[in-house]
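**Student:** Let me begin by handing over the structure; questions about it come next.
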Amino acid sequence: MAERQPSKLHVAGSSPVSRSTTLDAVAAVGLRLRASLARTVRSTPTLEADAAALSRAYRSGSQVPVLADARWAQAYASVRMPATFAAVARALAAGANRLPGFEPHSLLDVGAGSGAAAWAATAIWPDLETVSLLEREPVVGDLGRRLAADRAWSWRTGDVLAAGLSEADLVTAGYLLGELPPDAVDAAVDRMWAATRGVLAIVEPGSRAGFARIIGARSRLIDAGAHVAAPCPGDKPCPVAGSRTAWCHFLARLDRSPLHRRAKAAERSWEDEPFSYVVAARPQVLADPRPRVVLGRPRRRPGVVELRICDDGRIETVVMSRRNGPAYRASTDVTWGDALPVGFRTEG
C-alpha cells in the first residue's frame with residue numbers, strides 16, 4: 001500500500017490528517033449530502049417538534065425513538081444526519097492520521113440509519129470499492145437509498161444482533177449502541193469486531209452515557225486483541241473513566257443548512273456536535289507512534305498556551321511559553337482533540 005505524505009489539515013476541528021485532499025473532500029461530500037437532503041426531505045408541521053425530541057434523546061443518553069415511520073425518518077435525516085456525518089468524519093480522520101498505511105477497500109456500516117457514516121467514510125477514503133449498509137428500519141433505509149441514489153451502495157434490512165455481518169476492511173457504527181438494549185451492547189460489539197478485517201470505528205453522543213458505552217466497547221475490544229488507534233494514545237486504562245465530574249468527548253463543528261435551521265428553530269448558522277468515539281485496529285494494521293491528545297480547549301494568554309493532554313494512560317497539564325521555541329509555536333495551532341506532533345517536547 002502506498003504511503004501517504006503528511007500534510008497539516010483540520011477537519012471540523014479534528015486532528016491533522018495525512019491526505020492533502022481530506023479537508024476539501026470532506027467539505028465537498030458534506031455539500032453533496034446537504035444538497036441531497038434539500039432535494040429529498042420536506043418540511044412537515046411536526047418536523048421541528050420531532051427534531052427537538054430526537055436531539056434531546058441523543059444528547060441525554062435516553063432511549064432514542066424508533067425510526068419506524070416516515071415522520072421520524074424525515075426528522076432524523078434533517079437534524080441528526082448532518083451532525084452524525086460531521087462527528088464520524090472527525091473520528092475517521094483521526095483514525096486515518098494514526099494509521100497512515102490503512103487503505104480500506106470495503107466498508108460495512110452497521111445501524112446505518114440514512115447513511116451518514118458511509119458518506120463520511122467515502123470522504124476520508126474515496127477509493128472504497130464496496131460499501132454495504134445494514135439498517136433495521138426499512139423506512140430509514142429507503143430514505144438513505146434515495147439520498148445516495150447516485151452511489152452504488154448495497155443496502156440490507158437487518159438487526160446487528162441477528163443479521164449476518166459480512167466481513168469488511170472498515171466497519172463503522174455511528175450512534176448505534178445507544179439504540180440497543182443495555183444487555184445487548186456487548187454482543188453487538190463482539191459481532192462487529194468479528195466482521196472487522198482492519199479497523200472498527202464506533203461513535204456515540206458526547207454525553208456521560210455515550211462515553212460510558214464507548215469505554216465499555218473500548219475495554220472489550222482491547223480484551224479481544226484490538227489496539228486503540230484513536231482518540232487514545234494507547235491501550236492503557238482510560239484515566240477519565242470512572243470520574244464523577246468528567247468524561248472524554250470532542251466537538252465537531254458543522255454549518256447548518258436552511259433545512260437544518262428550520263428543523264431546529266435555530267438562529268445560528270452553525271453548531272457544535274459533542275461526541276465520544278473509539279477507533280480500534282487489528283494488530284496487523286500498523287500505526288504511527290502514538291502522540292498525546294489534547295483534552296478540552298487550550299487556554300491561551302499572551303505568550304503562553306496551557307494544554308490538558310492524555311498521555312499513555314494519564315492526564316497531565318503542559319504549559320508552553322515562547323521560550324519553548326518550536327514546541328510553543330506548534331502548541332499555538334492545536335485545538336480540542338488534536339494529536340500533538342510526534343516528538344513534541346516541553347523543553348525549549
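The way I read the labels, and the way they are meant: chains A, B, ... in the order of the C-alpha cells, residue 1 as the first residue of every chain, and ligand 1 as the first ligand shown, with later ones counted on from there.
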So that I can check the surroundings of Trp336 in chain A, please list as a list in words every protein, DNA and RNA residue that reaches within 10 Å of it, counting only C-alpha atoms and ignoring chain neighbours fewer than 2 positions away.
**Tutor:**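 Once the nearby chain positions are removed, what remains is Gly13, Ser14, Ser15, His249, Phe250, Leu251, Ala252, Val293, Val294, Leu295, Gly296, Arg297, Pro298, Leu307, Arg308, Ile309, Val334, Asp338 and Ala339 of chain A.
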**Student:** Write a file of the selected residues as a PDB file, in the first residue's frame, keeping C-alpha atoms.
**Tutor:**
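Written file, result-v6.pdb:
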```pdb
ATOM      1  CA  GLY A  13     -11.717  20.905  14.359  1.00  0.00           C
ATOM      2  CA  SER A  14     -10.081  17.493  14.144  1.00  0.00           C
ATOM      3  CA  SER A  15      -6.559  16.235  14.370  1.00  0.00           C
ATOM      4  CA  HIS A 249     -15.666  13.804  24.455  1.00  0.00           C
ATOM      5  CA  PHE A 250     -14.914  16.023  21.486  1.00  0.00           C
ATOM      6  CA  LEU A 251     -16.693  18.571  19.310  1.00  0.00           C
ATOM      7  CA  ALA A 252     -17.427  18.562  15.598  1.00  0.00           C
ATOM      8  CA  VAL A 293      -4.104  14.023  22.680  1.00  0.00           C
ATOM      9  CA  VAL A 294      -5.436  17.439  23.684  1.00  0.00           C
ATOM     10  CA  LEU A 295      -8.433  17.253  26.015  1.00  0.00           C
ATOM     11  CA  GLY A 296     -10.657  20.314  26.128  1.00  0.00           C
ATOM     12  CA  ARG A 297      -9.975  23.748  24.731  1.00  0.00           C
ATOM     13  CA  PRO A 298      -6.421  25.012  25.185  1.00  0.00           C
ATOM     14  CA  LEU A 307      -2.729  22.237  27.295  1.00  0.00           C
ATOM     15  CA  ARG A 308      -4.508  19.457  29.148  1.00  0.00           C
ATOM     16  CA  ILE A 309      -3.407  16.244  27.490  1.00  0.00           C
ATOM     17  CA  VAL A 334      -3.632  22.822  18.245  1.00  0.00           C
ATOM     18  CA  ASP A 338      -5.784  17.249  18.227  1.00  0.00           C
ATOM     19  CA  ALA A 339      -2.878  14.855  18.444  1.00  0.00           C
TER      20      ALA A 339
END
```
**Student:** Please, which residues in range 108-227 of chain A fall within 8 Å of range 267-274 of chain A when counting only C-alpha atoms, and what is the closest atom pair and distance in Å to one decimal for each, ordered by chain then residue number, as JSON lines?
**Tutor:**
```
{"residue": "A:Pro205", "atom": "CA", "partner": "A:Pro274", "partner_atom": "CA", "distance": 6.3}
{"residue": "A:Gly206", "atom": "CA", "partner": "A:Pro274", "partner_atom": "CA", "distance": 4.5}
{"residue": "A:Ser207", "atom": "CA", "partner": "A:Pro274", "partner_atom": "CA", "distance": 7.4}
```
**Student:** Output N, CA and C atoms for every residue in that selection, as a compact mmCIF listing (two decimals), in the first residue's frame.
**Tutor:**
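Contents of out.txt, as written:
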```
# COMPACT_ATOMS: atom_id res chain seq x y z
N PRO A 205 -22.90 9.63 21.20
CA PRO A 205 -23.04 11.01 21.66
C PRO A 205 -22.00 11.36 22.73
N GLY A 206 -21.61 12.62 22.77
CA GLY A 206 -20.62 13.06 23.73
C GLY A 206 -21.21 13.37 25.09
N SER A 207 -22.10 12.52 25.53
CA SER A 207 -22.72 12.65 26.85
C SER A 207 -22.02 11.68 27.81
```
**Student:** For the strand (DSSP E or B) assignment from backbone DSSP, which residues of range 57-226 of chain A qualify? Please present them as an MDAnalysis selection string.
**Tutor:** chainID A and resid 106:110 130:135 154:157 168:174 196:205
**Student:** Which residue, A:Thr196, A:Ser257, A:Ser276, A:Gln284, has the smallest gap to Ala38 in chain A when you use only C-alpha atoms?
**Tutor:** A:Ser257
**Student:** As a ChimeraX atom specification, please: the residues near Gly198 in chain A (cut-off 6 Å, only C-alpha atoms, same-chain neighbours under 4 positions excluded).
**Tutor:** /A:169-170,281-282
**Student:** Nearest to Ala83 in chain A among A:Thr44, A:Thr335, A:Ser55, A:Asn97, with distances taken over only C-alpha atoms: which residue is it?
**Tutor:**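 Among A:Thr44, A:Thr335, A:Ser55, A:Asn97, it is A:Ser55 that comes nearest to Ala83 in chain A.
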**Student:** Do a neighbour search on Pro126 in chain A at 12 Å with only C-alpha atoms, toss out local chain neighbours closer than 5 positions, and write the hits as a list in words.
**Tutor:**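 The residues that qualify are Arg19, Thr21, Thr22, Asp24, Ala25, Val26, Ala28, Val29, Glu103, Pro104, His105, Ser106, Leu107, Ala118, Trp119, Ala120, Ala121 and Val131 of chain A.
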**Student:** Excluding range 216-220 of chain A and residues on its chain fewer than 3 positions from it, collect all residues at most 7 Å away from it, counting only C-alpha atoms, and give them as number ranges by chain.
**Tutor:** A: 189, 212-213, 223-224, 278
**Student:** Might you pull out every residue within 8 Å of Arg314 in chain A, with only C-alpha atoms counted and same-chain residues fewer than 4 positions away left off, and present them as a VMD selection string?
**Tutor:** chain A and resid 238 to 239 310
**Student:** Could you turn the residues from that selection into a file that holds N, CA and C atoms, as a compact mmCIF listing (two decimals), in the first residue's frame?
**Tutor:**
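Below you can see part-v9.txt, which holds the result:
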```txt
# COMPACT_ATOMS: atom_id res chain seq x y z
N CYS A 238 -8.25 3.96 30.59
CA CYS A 238 -8.57 5.37 30.40
C CYS A 238 -8.51 6.10 31.75
N PRO A 239 -7.74 7.19 31.86
CA PRO A 239 -7.65 7.91 33.13
C PRO A 239 -8.89 8.72 33.47
N CYS A 310 -3.89 13.89 27.30
CA CYS A 310 -3.89 12.49 27.68
C CYS A 310 -2.65 11.84 27.10
```
**Student:** State, in Å with one decimal place, the distance from CA of Glu137 in chain A to CA of Gly113 in chain A.
**Tutor:**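 Between CA of Glu137 in chain A and CA of Gly113 in chain A the gap is 7.9 Å.
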**Student:** Just the number, please: distance in Å from CA of Gly178 in chain A to CA of Phe85 in chain A, one decimal.
**Tutor:**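 Computing the Euclidean distance for CA of Gly178 in chain A and CA of Phe85 in chain A yields 17.0 Å.
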**Student:** Show which residues sit within 12 Å of Leu33 in chain A, as a PyMOL selection string. Count only C-alpha atoms, and ignore same-chain residues fewer than 5 positions away.
**Tutor:** chain A and resi 26-28+38-41+77-78+81-86+114-120+122-123+144+146-151+257
**Student:** Taking C-alpha atoms for each residue, export the selection above as a PDB file, in the first residue's frame.
**Tutor:**
```
ATOM      1  CA  VAL A  26     -14.989  16.207   3.444  1.00  0.00           C
ATOM      2  CA  ALA A  27     -16.281  19.678   2.615  1.00  0.00           C
ATOM      3  CA  ALA A  28     -17.285  18.575  -0.885  1.00  0.00           C
ATOM      4  CA  ALA A  38     -32.634  19.595   0.485  1.00  0.00           C
ATOM      5  CA  ARG A  39     -33.972  17.696  -2.539  1.00  0.00           C
ATOM      6  CA  THR A  40     -35.292  14.701  -0.635  1.00  0.00           C
ATOM      7  CA  VAL A  41     -36.585  15.841   2.771  1.00  0.00           C
ATOM      8  CA  ALA A  77     -32.313  12.974   8.367  1.00  0.00           C
ATOM      9  CA  SER A  78     -32.886  16.718   8.644  1.00  0.00           C
ATOM     10  CA  MET A  81     -27.727  13.187   9.783  1.00  0.00           C
ATOM     11  CA  PRO A  82     -25.552  16.328   9.317  1.00  0.00           C
ATOM     12  CA  ALA A  83     -24.321  16.074  12.907  1.00  0.00           C
ATOM     13  CA  THR A  84     -23.596  12.361  12.582  1.00  0.00           C
ATOM     14  CA  PHE A  85     -21.719  12.981   9.336  1.00  0.00           C
ATOM     15  CA  ALA A  86     -19.564  15.668  10.997  1.00  0.00           C
ATOM     16  CA  SER A 114     -29.871   7.016   6.466  1.00  0.00           C
ATOM     17  CA  GLY A 115     -26.171   6.505   5.679  1.00  0.00           C
ATOM     18  CA  ALA A 116     -24.313   9.378   7.378  1.00  0.00           C
ATOM     19  CA  ALA A 117     -21.311   7.252   8.408  1.00  0.00           C
ATOM     20  CA  ALA A 118     -20.932   5.866   4.899  1.00  0.00           C
ATOM     21  CA  TRP A 119     -20.952   9.377   3.459  1.00  0.00           C
ATOM     22  CA  ALA A 120     -18.209  10.290   5.954  1.00  0.00           C
ATOM     23  CA  THR A 122     -16.161   7.747   1.493  1.00  0.00           C
ATOM     24  CA  ALA A 123     -14.964  11.313   2.090  1.00  0.00           C
ATOM     25  CA  GLY A 144     -30.916   6.535   2.735  1.00  0.00           C
ATOM     26  CA  ARG A 146     -32.842   7.915  -2.104  1.00  0.00           C
ATOM     27  CA  LEU A 147     -30.297  10.269  -0.572  1.00  0.00           C
ATOM     28  CA  ALA A 148     -27.454   8.242  -2.140  1.00  0.00           C
ATOM     29  CA  ALA A 149     -29.240   7.392  -5.370  1.00  0.00           C
ATOM     30  CA  ASP A 150     -26.127   8.191  -7.417  1.00  0.00           C
ATOM     31  CA  ARG A 151     -23.924   5.830  -5.391  1.00  0.00           C
ATOM     32  CA  SER A 257     -28.293  24.257   6.152  1.00  0.00           C
TER      33      SER A 257
END
```
**Student:** How far is it from CA of Asp50 in chain A to CA of Ala89 in chain A, in Å with one decimal?
**Tutor:**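 Atom-to-atom, CA of Asp50 in chain A and CA of Ala89 in chain A are spaced 25.1 Å apart.
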**Student:** Could you pull out the helix (DSSP H, G or I) residues of range 209-282 of chain A from DSSP and send them as number ranges by chain?
**Tutor:** A: 209-223, 258-264
**Student:** Between A:Leu259, A:Tyr277, A:Pro181, A:Arg300, which has the minimum distance to Leu47 in chain A (counting only C-alpha atoms)?
**Tutor:**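 Among the listed residues, A:Leu259 lies closest to Leu47 in chain A.
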